[in-house]
Amino acid sequence: MFNKNKTYEQHDNEKISFYRSSVLDLNSKEHLTSDIDIDVCVIGGGLTGISTALNLSKKGYSIVLCEARKIGWGASGRNGGQLGIGMRKDQYTIEKKFGLTHAKELWNMGLESVEEVKTLINKNRIDCHLVNGVMSAACFKKDLEDYQFEIDHMSKNYQFEGYKFFNKSEIMDEISSDIYLSGMLNTGSYHLNPLKLTIGLAKLIQKNNVSIFENTPVLKIVEKNDKINVYTKDALIKASKVVVACNGYLDNLLGSNKNKFIPINNYIIATEPLGEKKAKEIIRNNYAVCDTRFIIDYYRFSEDWRMIFGGGETLTSKFVKNSNNFVKKRMFKVFPQLKKYKIDYSWGGTLAITVNRLPYFGTSMNDKLLYAFGYSGHGLALSILAGKLIAEKINGESDRFKFFSDINHLSIPFRGLLRRPIYSSAILYYKFRDFLNS
Ligand SMILES: Cc1cc2nc3c(=O)[nH]c(=O)nc-3n(C[C@H](O)[C@H](O)[C@H](O)COP(=O)(O)OP(=O)(O)OC[C@H]3O[C@@H](n4cnc5c(N)ncnc54)[C@H](O)[C@@H]3O)c2cc1C
């Protein structure tokens, strides 16, 4: 049976990630020890929670943010750093499901999410090493047709001219690996150090008088008349609104809502620094890259020229401690020339995948409790947008929040008991499909 209580605890024994070594921790207040009465309590110190607090603090709300461990402890401080436009699914698939008008609104919000991040970085001088360009690298022959269709479709229907096609010799020129058959560059997307971004934004909310309490896991949320009682180990928070921003680490905090997504673990390694010259021999223009397999490889160079290589999902719900070995194997298949470099860091994180791959927004307790999660591996920009839309909704402008909360999401059947077997079967199926197509 799938049962992973207190999922934020699974990283406690992990060694430090490259990102954690690249930036100082926030140093917030210690954990919360006395009762408080507040406008808004945000639960979760990742980008969804921090963005919610940032947007609300500008509007004058009193806010407390509780994080079970440290700011950026979850996926926001552990991810691949690819800041992608759009949604997790391609626009054509979204149109088939929701119609062109809705699909266009989703696309525009996807564009807005990246613009929002860029503005926050530039305006507040957050040093998180933003670099332009994300390349999709084709593993299958059919990808070439898909790329050409997408470039044409997005140009005609969305006036988006940010894609550029690469044939076999052009992609080899760009990425020094012989495994890719073609490529498609997205110039609307970027890559960056996600923990530096997360901590940079957390510092902003501190300046705006948001009280951040790390080491403060929320244990229970109970509606009490016109307030919500939020219970932590040592204190009670009485809040007019509560925002749950725990994504893949949600566990049982929102009851059966956990059945709207599957939490999956994904793993990353970082090599020793290669130096700029060597790094640019490997990725000529320093783009981030992701491939077209279901179990994707994604990689990019860090600000100090380490190869940050992510990939590989496990069939078990258990968090793998020595992920280094299997991620390394995947990296050497793409870049055998990296065998001579040391792996300095390996780590993993948990993300939330929904059935339709679109984020899941909702409310309960008479609209006093709000949540957003399930960005399906595309949450770096979307989580920041989600925080903005949650803040709009709390401030009385619900249209854009509603746009997401109206999306119908299937539940994993049998109250989640099947979510692990379904996930494992899907991984096996897609691994087999990747193998057949290759
Ligand atoms: C390995 C990996 C690679 C990824 N790569 C990319 C990428 O390249 N591009 C991209 O767009 N997306 C990527 N993602 C997804 C992206 O990181 C997430 O969608 C996004 O960070 C979600 O942010 P969040 O704030 O909602 O959740 P998180 O950042 O996971 O934050 C949730 C927080 O809630 C806290 N929490 C949980 N329970 C409690 C509780 N009871 N009380 C208090 N606090 C609690 C946790 O400790 C955690 O810090 C990746 C994810 C992973 C794991």
# chains A, B, ... in the order shown; residues from 1 in each chain; ligands from 1
>>> closest_atom_pairs(of="chain A", to="ligand 1", cutoff="7 Å", atoms="only C-alpha atoms and all ligand atoms", output="JSON lines")
{"residue": "A:Lys6", "atom": "CA", "partner": "ligand 1", "partner_atom_place_in_ligand_line": "38 (N)", "distance": 6.8}
{"residue": "A:Tyr8", "atom": "CA", "partner": "ligand 1", "partner_atom_place_in_ligand_line": "47 (O)", "distance": 4.8}
{"residue": "A:Ile43", "atom": "CA", "partner": "ligand 1", "partner_atom_place_in_ligand_line": "43 (C)", "distance": 5.0}
{"residue": "A:Gly44", "atom": "CA", "partner": "ligand 1", "partner_atom_place_in_ligand_line": "34 (O)", "distance": 3.4}
{"residue": "A:Gly45", "atom": "CA", "partner": "ligand 1", "partner_atom_place_in_ligand_line": "49 (O)", "distance": 4.8}
{"residue": "A:Gly46", "atom": "CA", "partner": "ligand 1", "partner_atom_place_in_ligand_line": "25 (O)", "distance": 3.3}
{"residue": "A:Leu47", "atom": "CA", "partner": "ligand 1", "partner_atom_place_in_ligand_line": "25 (O)", "distance": 3.9}
{"residue": "A:Thr48", "atom": "CA", "partner": "ligand 1", "partner_atom_place_in_ligand_line": "25 (O)", "distance": 3.9}
{"residue": "A:Gly49", "atom": "CA", "partner": "ligand 1", "partner_atom_place_in_ligand_line": "25 (O)", "distance": 5.6}
{"residue": "A:Cys66", "atom": "CA", "partner": "ligand 1", "partner_atom_place_in_ligand_line": "43 (C)", "distance": 5.3}
{"residue": "A:Glu67", "atom": "CA", "partner": "ligand 1", "partner_atom_place_in_ligand_line": "44 (N)", "distance": 3.8}
{"residue": "A:Ala68", "atom": "CA", "partner": "ligand 1", "partner_atom_place_in_ligand_line": "44 (N)", "distance": 3.8}
{"residue": "A:Arg69", "atom": "CA", "partner": "ligand 1", "partner_atom_place_in_ligand_line": "47 (O)", "distance": 5.3}
{"residue": "A:Lys70", "atom": "CA", "partner": "ligand 1", "partner_atom_place_in_ligand_line": "49 (O)", "distance": 6.5}
{"residue": "A:Ile71", "atom": "CA", "partner": "ligand 1", "partner_atom_place_in_ligand_line": "49 (O)", "distance": 6.1}
{"residue": "A:Gly72", "atom": "CA", "partner": "ligand 1", "partner_atom_place_in_ligand_line": "49 (O)", "distance": 5.3}
{"residue": "A:Trp73", "atom": "CA", "partner": "ligand 1", "partner_atom_place_in_ligand_line": "49 (O)", "distance": 4.2}
{"residue": "A:Gly74", "atom": "CA", "partner": "ligand 1", "partner_atom_place_in_ligand_line": "30 (O)", "distance": 3.7}
{"residue": "A:Ala75", "atom": "CA", "partner": "ligand 1", "partner_atom_place_in_ligand_line": "30 (O)", "distance": 3.9}
{"residue": "A:Ser76", "atom": "CA", "partner": "ligand 1", "partner_atom_place_in_ligand_line": "21 (O)", "distance": 3.3}
{"residue": "A:Gly77", "atom": "CA", "partner": "ligand 1", "partner_atom_place_in_ligand_line": "29 (O)", "distance": 6.4}
{"residue": "A:Arg78", "atom": "CA", "partner": "ligand 1", "partner_atom_place_in_ligand_line": "1 (C)", "distance": 5.7}
{"residue": "A:Asn79", "atom": "CA", "partner": "ligand 1", "partner_atom_place_in_ligand_line": "3 (C)", "distance": 3.4}
{"residue": "A:Gly80", "atom": "CA", "partner": "ligand 1", "partner_atom_place_in_ligand_line": "8 (O)", "distance": 3.4}
{"residue": "A:Gly81", "atom": "CA", "partner": "ligand 1", "partner_atom_place_in_ligand_line": "8 (O)", "distance": 4.3}
{"residue": "A:Gln82", "atom": "CA", "partner": "ligand 1", "partner_atom_place_in_ligand_line": "8 (O)", "distance": 3.7}
{"residue": "A:Leu83", "atom": "CA", "partner": "ligand 1", "partner_atom_place_in_ligand_line": "11 (O)", "distance": 5.3}
{"residue": "A:Gly84", "atom": "CA", "partner": "ligand 1", "partner_atom_place_in_ligand_line": "11 (O)", "distance": 5.9}
{"residue": "A:Thr216", "atom": "CA", "partner": "ligand 1", "partner_atom_place_in_ligand_line": "43 (C)", "distance": 6.0}
{"residue": "A:Pro217", "atom": "CA", "partner": "ligand 1", "partner_atom_place_in_ligand_line": "42 (N)", "distance": 3.5}
{"residue": "A:Val218", "atom": "CA", "partner": "ligand 1", "partner_atom_place_in_ligand_line": "42 (N)", "distance": 3.8}
{"residue": "A:Leu219", "atom": "CA", "partner": "ligand 1", "partner_atom_place_in_ligand_line": "41 (N)", "distance": 5.7}
{"residue": "A:Ala245", "atom": "CA", "partner": "ligand 1", "partner_atom_place_in_ligand_line": "26 (O)", "distance": 5.2}
{"residue": "A:Cys246", "atom": "CA", "partner": "ligand 1", "partner_atom_place_in_ligand_line": "34 (O)", "distance": 3.6}
{"residue": "A:Asn247", "atom": "CA", "partner": "ligand 1", "partner_atom_place_in_ligand_line": "26 (O)", "distance": 4.4}
{"residue": "A:Gly248", "atom": "CA", "partner": "ligand 1", "partner_atom_place_in_ligand_line": "30 (O)", "distance": 5.7}
{"residue": "A:Tyr249", "atom": "CA", "partner": "ligand 1", "partner_atom_place_in_ligand_line": "37 (C)", "distance": 4.7}
{"residue": "A:Leu250", "atom": "CA", "partner": "ligand 1", "partner_atom_place_in_ligand_line": "38 (N)", "distance": 5.2}
{"residue": "A:Leu253", "atom": "CA", "partner": "ligand 1", "partner_atom_place_in_ligand_line": "41 (N)", "distance": 6.4}
{"residue": "A:Asn265", "atom": "CA", "partner": "ligand 1", "partner_atom_place_in_ligand_line": "53 (C)", "distance": 6.2}
{"residue": "A:Asn266", "atom": "CA", "partner": "ligand 1", "partner_atom_place_in_ligand_line": "1 (C)", "distance": 4.4}
{"residue": "A:Tyr267", "atom": "CA", "partner": "ligand 1", "partner_atom_place_in_ligand_line": "1 (C)", "distance": 5.1}
{"residue": "A:Ile268", "atom": "CA", "partner": "ligand 1", "partner_atom_place_in_ligand_line": "1 (C)", "distance": 6.2}
{"residue": "A:Gly310", "atom": "CA", "partner": "ligand 1", "partner_atom_place_in_ligand_line": "1 (C)", "distance": 6.8}
{"residue": "A:Gly348", "atom": "CA", "partner": "ligand 1", "partner_atom_place_in_ligand_line": "1 (C)", "distance": 5.2}
{"residue": "A:Gly349", "atom": "CA", "partner": "ligand 1", "partner_atom_place_in_ligand_line": "53 (C)", "distance": 3.6}
{"residue": "A:Thr350", "atom": "CA", "partner": "ligand 1", "partner_atom_place_in_ligand_line": "53 (C)", "distance": 4.2}
{"residue": "A:Leu351", "atom": "CA", "partner": "ligand 1", "partner_atom_place_in_ligand_line": "53 (C)", "distance": 4.6}
{"residue": "A:Phe373", "atom": "CA", "partner": "ligand 1", "partner_atom_place_in_ligand_line": "26 (O)", "distance": 5.6}
{"residue": "A:Gly374", "atom": "CA", "partner": "ligand 1", "partner_atom_place_in_ligand_line": "19 (O)", "distance": 7.0}
{"residue": "A:Tyr375", "atom": "CA", "partner": "ligand 1", "partner_atom_place_in_ligand_line": "19 (O)", "distance": 4.9}
{"residue": "A:Ser376", "atom": "CA", "partner": "ligand 1", "partner_atom_place_in_ligand_line": "19 (O)", "distance": 6.3}
{"residue": "A:Gly377", "atom": "CA", "partner": "ligand 1", "partner_atom_place_in_ligand_line": "15 (C)", "distance": 4.0}
{"residue": "A:His378", "atom": "CA", "partner": "ligand 1", "partner_atom_place_in_ligand_line": "11 (O)", "distance": 3.4}
{"residue": "A:Gly379", "atom": "CA", "partner": "ligand 1", "partner_atom_place_in_ligand_line": "19 (O)", "distance": 3.2}
{"residue": "A:Leu380", "atom": "CA", "partner": "ligand 1", "partner_atom_place_in_ligand_line": "11 (O)", "distance": 3.6}
{"residue": "A:Ala381", "atom": "CA", "partner": "ligand 1", "partner_atom_place_in_ligand_line": "11 (O)", "distance": 5.9}
{"residue": "A:Ser383", "atom": "CA", "partner": "ligand 1", "partner_atom_place_in_ligand_line": "23 (O)", "distance": 5.4}
>>> select_by_dssp(residues="segment 135-326 of chain A", states="strand (DSSP E or B)", output="number ranges by chain")
A: 135-137, 163-166, 175, 183-191, 211-213, 218-224, 227-232, 236-244, 262-271, 283, 288-291, 297-301, 307-313
>>> write_last_selection(atoms="C-alpha atoms", output="PDB file, in the first residue's frame")
ATOM      1  CA  MET A 135      16.401  22.967 -26.231  1.00  0.00           C
ATOM      2  CA  SER A 136      14.179  19.948 -26.752  1.00  0.00           C
ATOM      3  CA  ALA A 137      16.421  17.167 -28.103  1.00  0.00           C
ATOM      4  CA  TYR A 163      10.843  28.160 -31.688  1.00  0.00           C
ATOM      5  CA  LYS A 164      13.761  27.247 -33.894  1.00  0.00           C
ATOM      6  CA  PHE A 165      14.254  23.852 -35.572  1.00  0.00           C
ATOM      7  CA  PHE A 166      17.632  22.040 -35.640  1.00  0.00           C
ATOM      8  CA  ILE A 175      25.078  19.577 -28.165  1.00  0.00           C
ATOM      9  CA  GLY A 183      16.019  19.514 -31.927  1.00  0.00           C
ATOM     10  CA  MET A 184      13.757  22.449 -31.230  1.00  0.00           C
ATOM     11  CA  LEU A 185      14.990  25.487 -29.325  1.00  0.00           C
ATOM     12  CA  ASN A 186      12.556  27.535 -27.269  1.00  0.00           C
ATOM     13  CA  THR A 187      13.853  31.081 -26.958  1.00  0.00           C
ATOM     14  CA  GLY A 188      10.963  32.063 -24.672  1.00  0.00           C
ATOM     15  CA  SER A 189      12.278  29.776 -21.926  1.00  0.00           C
ATOM     16  CA  TYR A 190      15.242  30.157 -19.554  1.00  0.00           C
ATOM     17  CA  HIS A 191      17.259  28.354 -16.916  1.00  0.00           C
ATOM     18  CA  SER A 211       6.805  36.242   9.510  1.00  0.00           C
ATOM     19  CA  ILE A 212       8.569  33.122   8.272  1.00  0.00           C
ATOM     20  CA  PHE A 213       8.813  30.162  10.620  1.00  0.00           C
ATOM     21  CA  VAL A 218       1.626  22.086  10.285  1.00  0.00           C
ATOM     22  CA  LEU A 219      -0.077  19.066  11.778  1.00  0.00           C
ATOM     23  CA  LYS A 220      -3.773  19.794  11.365  1.00  0.00           C
ATOM     24  CA  ILE A 221      -6.158  22.379   9.896  1.00  0.00           C
ATOM     25  CA  VAL A 222      -9.647  22.784  11.393  1.00  0.00           C
ATOM     26  CA  GLU A 223     -12.423  25.214  10.423  1.00  0.00           C
ATOM     27  CA  LYS A 224     -13.667  27.116  13.465  1.00  0.00           C
ATOM     28  CA  LYS A 227     -11.593  31.379  11.158  1.00  0.00           C
ATOM     29  CA  ILE A 228      -9.362  28.399  10.532  1.00  0.00           C
ATOM     30  CA  ASN A 229      -7.286  26.898  13.311  1.00  0.00           C
ATOM     31  CA  VAL A 230      -3.864  25.797  12.125  1.00  0.00           C
ATOM     32  CA  TYR A 231      -2.100  23.498  14.581  1.00  0.00           C
ATOM     33  CA  THR A 232       1.670  23.249  14.783  1.00  0.00           C
ATOM     34  CA  LEU A 236      -2.035  27.502  17.369  1.00  0.00           C
ATOM     35  CA  ILE A 237      -2.513  29.950  14.494  1.00  0.00           C
ATOM     36  CA  LYS A 238      -5.984  31.456  14.039  1.00  0.00           C
ATOM     37  CA  ALA A 239      -6.213  32.664  10.451  1.00  0.00           C
ATOM     38  CA  SER A 240      -8.963  34.205   8.328  1.00  0.00           C
ATOM     39  CA  LYS A 241      -7.488  32.477   5.252  1.00  0.00           C
ATOM     40  CA  VAL A 242      -5.148  29.534   4.897  1.00  0.00           C
ATOM     41  CA  VAL A 243      -3.125  28.678   1.808  1.00  0.00           C
ATOM     42  CA  VAL A 244      -1.773  25.146   1.461  1.00  0.00           C
ATOM     43  CA  ILE A 262       0.790  11.108  -7.784  1.00  0.00           C
ATOM     44  CA  PRO A 263       3.897  12.186  -5.857  1.00  0.00           C
ATOM     45  CA  ILE A 264       6.996  11.072  -7.722  1.00  0.00           C
ATOM     46  CA  ASN A 265      10.664  11.277  -6.882  1.00  0.00           C
ATOM     47  CA  ASN A 266      13.177  12.449  -9.418  1.00  0.00           C
ATOM     48  CA  TYR A 267      16.958  12.678  -9.094  1.00  0.00           C
ATOM     49  CA  ILE A 268      19.805  14.982 -10.116  1.00  0.00           C
ATOM     50  CA  ILE A 269      23.606  14.905 -10.042  1.00  0.00           C
ATOM     51  CA  ALA A 270      26.171  17.685 -10.369  1.00  0.00           C
ATOM     52  CA  THR A 271      29.704  17.110 -11.634  1.00  0.00           C
ATOM     53  CA  ILE A 283      26.610  22.744 -24.997  1.00  0.00           C
ATOM     54  CA  ALA A 288      19.263  23.954 -20.923  1.00  0.00           C
ATOM     55  CA  VAL A 289      18.236  20.693 -22.595  1.00  0.00           C
ATOM     56  CA  CYS A 290      15.486  18.139 -22.108  1.00  0.00           C
ATOM     57  CA  ASP A 291      14.909  15.104 -24.299  1.00  0.00           C
ATOM     58  CA  ASP A 297      16.794  13.436 -19.227  1.00  0.00           C
ATOM     59  CA  TYR A 298      17.159  17.147 -18.480  1.00  0.00           C
ATOM     60  CA  TYR A 299      20.374  19.020 -17.984  1.00  0.00           C
ATOM     61  CA  ARG A 300      22.193  22.317 -18.095  1.00  0.00           C
ATOM     62  CA  PHE A 301      25.380  23.928 -16.825  1.00  0.00           C
ATOM     63  CA  MET A 307      26.935  19.650 -15.496  1.00  0.00           C
ATOM     64  CA  ILE A 308      23.633  19.462 -13.596  1.00  0.00           C
ATOM     65  CA  PHE A 309      22.025  16.301 -14.993  1.00  0.00           C
ATOM     66  CA  GLY A 310      18.570  15.103 -13.969  1.00  0.00           C
ATOM     67  CA  GLY A 311      16.694  12.003 -14.879  1.00  0.00           C
ATOM     68  CA  GLY A 312      15.390   8.712 -13.752  1.00  0.00           C
ATOM     69  CA  GLU A 313      12.323   7.862 -11.806  1.00  0.00           C
TER      70      GLU A 313
END
>>> closest_residue(among="A:His409, A:Lys203, A:Arg400, A:Arg357", to="Gly86 of chain A", atoms="only C-alpha atoms")
A:Arg357
>>> select_by_dssp(residues="segment 150-303 of chain A", states="alpha helix (DSSP H)", output="PyMOL selection string")
chain A and resi 150-158+168-174+194-207+276-282
>>> atom_distance(atom1="atom CA of Asn209 of chain A", atom2="atom CA of Gly362 of chain A")
26.8 Å
>>> closest_residue(among="A:Tyr158, A:Ser62, A:Val42, A:Arg125", to="Gln91 of chain A", atoms="only C-alpha atoms")
A:Tyr158
>>> atom_distance(atom1="atom CA of Lys196 of chain A", atom2="atom CA of Ala352 of chain A")
21.9 Å
>>> atom_distance(atom1="atom CA of Glu116 of chain A", atom2="atom CA of Tyr61 of chain A")
21.1 Å
>>> closest_residue(among="A:Leu54, A:Ile407, A:Ser364, A:Lys402", to="Gly255 of chain A", atoms="only C-alpha atoms")
A:Ser364
